[in-house]
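Chemist: There's a structure below that I have some questions on.
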Amino acid sequence: QVQLAESGGGLVQAGGSLRLSCAVSGGTFSNYAMGWFRQAPGKEREFVAAISWSGGSTYYSDSAKGRFTISRDNAKKKVYLQMNSLKPEDTAVYSCAADPTTTQGITAQNMDIRRYRYWGQGTQVTVSS
């Protein structure tokens, strides 16, 4: 059974930074493309970033581009989301997810939530103004 556990969330002032981590157990981590999603209160879950199984290909939402960086360490079975220049509108529960179907590079198709089979519980990020 594949399990994902996020950590690193918290309260930060606008302009600050946070680094989220997602630890994966079970399954074969290096077989999965990985994604980060977020959900703010009263809003639908939205795509933030995705990374290929090798780490060589990434894709970002427009809101994340230039401020967030997704990375992974296959030896540690972890994926990360470095978030800089945080804004109050980044406040949300951030979840990581595993996509076992993407074997090549990451494209806009990886924004589709339906591609992701395994999900973590999420970690709260709150950005104060």
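Just so we're on the same page: first chain in the structure tokens is A, next is B, and so on; residues restart at 1 for each chain, and ligands are numbered from 1 in the order they show up.
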Tell me which protein, DNA and RNA residues are within 8 Å of stretch 25-40 of chain A, counting only C-alpha atoms, leaving out same-chain ones fewer than 4 positions away, and put them as a PyMOL selection string.

Modeler: chain A and resi 1-4+44-54+74+77+79+81+91-103+110+116

Chemist: One decimal, in Å: what's the spacing between atom CA of A:Thr58 and atom CA of A:Ile70?

Modeler: 7.3 Å

Chemist: Could you list, as a PyMOL selection string, every residue within 7 Å of stretch 7-13 of chain A, counting only C-alpha atoms and ignoring same-chain residues fewer than 4 positions away?

Modeler: chain A and resi 19-22+123-129

Chemist: Assign secondary structure with DSSP using the backbone only, and return the residues of stretch 79-116 of chain A in strand (DSSP E or B) as a ChimeraX atom specification.

Modeler: /A:79-83,92-99

Chemist: Selected residues, N, CA, C and O atoms, written as a compact mmCIF listing (two decimals), in the first residue's frame, please.

Modeler:
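Written file, again-v6.txt:
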# COMPACT_ATOMS: atom_id res chain seq x y z
N VAL A 79 9.56 14.03 -2.15
CA VAL A 79 9.37 15.12 -3.10
C VAL A 79 9.20 16.39 -2.28
O VAL A 79 8.65 16.36 -1.18
N TYR A 80 9.69 17.50 -2.82
CA TYR A 80 9.72 18.75 -2.09
C TYR A 80 9.03 19.85 -2.90
O TYR A 80 8.98 19.80 -4.13
N LEU A 81 8.57 20.85 -2.16
CA LEU A 81 8.05 22.06 -2.79
C LEU A 81 8.63 23.25 -2.04
O LEU A 81 8.24 23.51 -0.90
N GLN A 82 9.59 23.91 -2.68
CA GLN A 82 10.16 25.12 -2.11
C GLN A 82 9.29 26.29 -2.55
O GLN A 82 9.11 26.52 -3.75
N MET A 83 8.77 27.02 -1.58
CA MET A 83 7.86 28.13 -1.88
C MET A 83 8.48 29.43 -1.38
O MET A 83 8.74 29.58 -0.17
N ALA A 92 -3.57 27.72 1.99
CA ALA A 92 -4.33 26.54 1.57
C ALA A 92 -3.77 25.31 2.28
O ALA A 92 -2.71 25.38 2.90
N VAL A 93 -4.48 24.21 2.13
CA VAL A 93 -3.93 22.91 2.49
C VAL A 93 -3.22 22.36 1.26
O VAL A 93 -3.83 22.25 0.19
N TYR A 94 -1.96 22.03 1.43
CA TYR A 94 -1.14 21.53 0.32
C TYR A 94 -1.00 20.02 0.45
O TYR A 94 -0.61 19.51 1.51
N SER A 95 -1.28 19.32 -0.66
CA SER A 95 -1.22 17.87 -0.68
C SER A 95 -0.30 17.40 -1.79
O SER A 95 -0.28 17.99 -2.88
N CYS A 96 0.42 16.33 -1.53
CA CYS A 96 1.20 15.71 -2.59
C CYS A 96 0.44 14.49 -3.11
O CYS A 96 -0.42 13.93 -2.40
N ALA A 97 0.75 14.11 -4.32
CA ALA A 97 0.04 13.00 -4.95
C ALA A 97 0.97 12.28 -5.91
O ALA A 97 1.89 12.88 -6.48
N ALA A 98 0.72 11.00 -6.09
CA ALA A 98 1.54 10.15 -6.95
C ALA A 98 0.76 9.72 -8.19
O ALA A 98 -0.40 9.28 -8.08
N ASP A 99 1.42 9.86 -9.32
CA ASP A 99 0.84 9.51 -10.61
C ASP A 99 1.63 8.35 -11.21
O ASP A 99 2.76 8.55 -11.66

Chemist: Would you pick out the contacts of A:Gly16 at 8 Å or less, using only C-alpha atoms, so that residues sharing its chain but fewer than 4 positions from it are not included, and give the list as a list in words?

Modeler: Val12, Asn84, Ser85 and Leu86 of chain A

Chemist: Go ahead and write the residues just picked, all heavy atoms, as an mmCIF file, in the first residue's frame.

Modeler:
data_model
loop_
_atom_site.group_PDB
_atom_site.id
_atom_site.type_symbol
_atom_site.label_atom_id
_atom_site.label_comp_id
_atom_site.auth_asym_id
_atom_site.auth_seq_id
_atom_site.Cartn_x
_atom_site.Cartn_y
_atom_site.Cartn_z
ATOM 1 N N VAL A 12 3.454 31.767 8.023
ATOM 2 C CA VAL A 12 4.571 32.586 7.555
ATOM 3 C C VAL A 12 4.021 33.935 7.111
ATOM 4 O O VAL A 12 2.868 34.036 6.670
ATOM 5 C CB VAL A 12 5.332 31.870 6.412
ATOM 6 C CG1 VAL A 12 4.448 31.678 5.193
ATOM 7 C CG2 VAL A 12 6.612 32.594 6.062
ATOM 8 N N ASN A 84 8.733 30.334 -2.289
ATOM 9 C CA ASN A 84 9.320 31.635 -1.973
ATOM 10 C C ASN A 84 8.331 32.745 -2.311
ATOM 11 O O ASN A 84 7.372 32.537 -3.040
ATOM 12 C CB ASN A 84 10.609 31.837 -2.751
ATOM 13 C CG ASN A 84 11.663 30.806 -2.418
ATOM 14 O OD1 ASN A 84 11.737 30.315 -1.292
ATOM 15 N ND2 ASN A 84 12.493 30.470 -3.397
ATOM 16 N N SER A 85 8.600 33.917 -1.770
ATOM 17 C CA SER A 85 7.758 35.092 -2.045
ATOM 18 C C SER A 85 6.290 34.775 -1.831
ATOM 19 O O SER A 85 5.436 35.089 -2.673
ATOM 20 C CB SER A 85 7.997 35.582 -3.482
ATOM 21 O OG SER A 85 9.353 35.888 -3.693
ATOM 22 N N LEU A 86 5.994 34.179 -0.707
ATOM 23 C CA LEU A 86 4.628 33.728 -0.446
ATOM 24 C C LEU A 86 3.672 34.905 -0.301
ATOM 25 O O LEU A 86 4.039 35.978 0.199
ATOM 26 C CB LEU A 86 4.593 32.857 0.799
ATOM 27 C CG LEU A 86 5.093 31.430 0.574
ATOM 28 C CD1 LEU A 86 5.459 30.766 1.882
ATOM 29 C CD2 LEU A 86 4.059 30.609 -0.169
#

Chemist: List every residue of chain A that DSSP, applied to the backbone of this structure, places in helix (DSSP H, G or I), and write the result as a list in words.

Modeler: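 Helix (DSSP H, G or I) assignments inside chain A correspond to Phe29, Ser30, Asn31, Pro88, Glu89, Asp90, Ala108, Gln109, Asn110, Met111, Ile113, Arg114 and Arg115 of chain A.
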
Chemist: Counting only C-alpha atoms, figure out which residue out of A:Tyr59, A:Arg117, A:Ile106, A:Phe68 gets nearest to A:Lys87.

Modeler: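 Closest residue, counting only C-alpha atoms: A:Phe68.
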
Chemist: Could you list, as an NGL selection string, every residue within 6 Å of A:Lys78, counting only C-alpha atoms and ignoring same-chain residues fewer than 2 positions away?

Modeler: :A and (22-23 or 72-73 or 76)

Chemist: Quick check, in Å to one decimal: how far apart do atom CA of A:Gly56 and atom CA of A:Arg114 lie?

Modeler: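 One can read the atom CA of A:Gly56 to atom CA of A:Arg114 distance as 22.3 Å.
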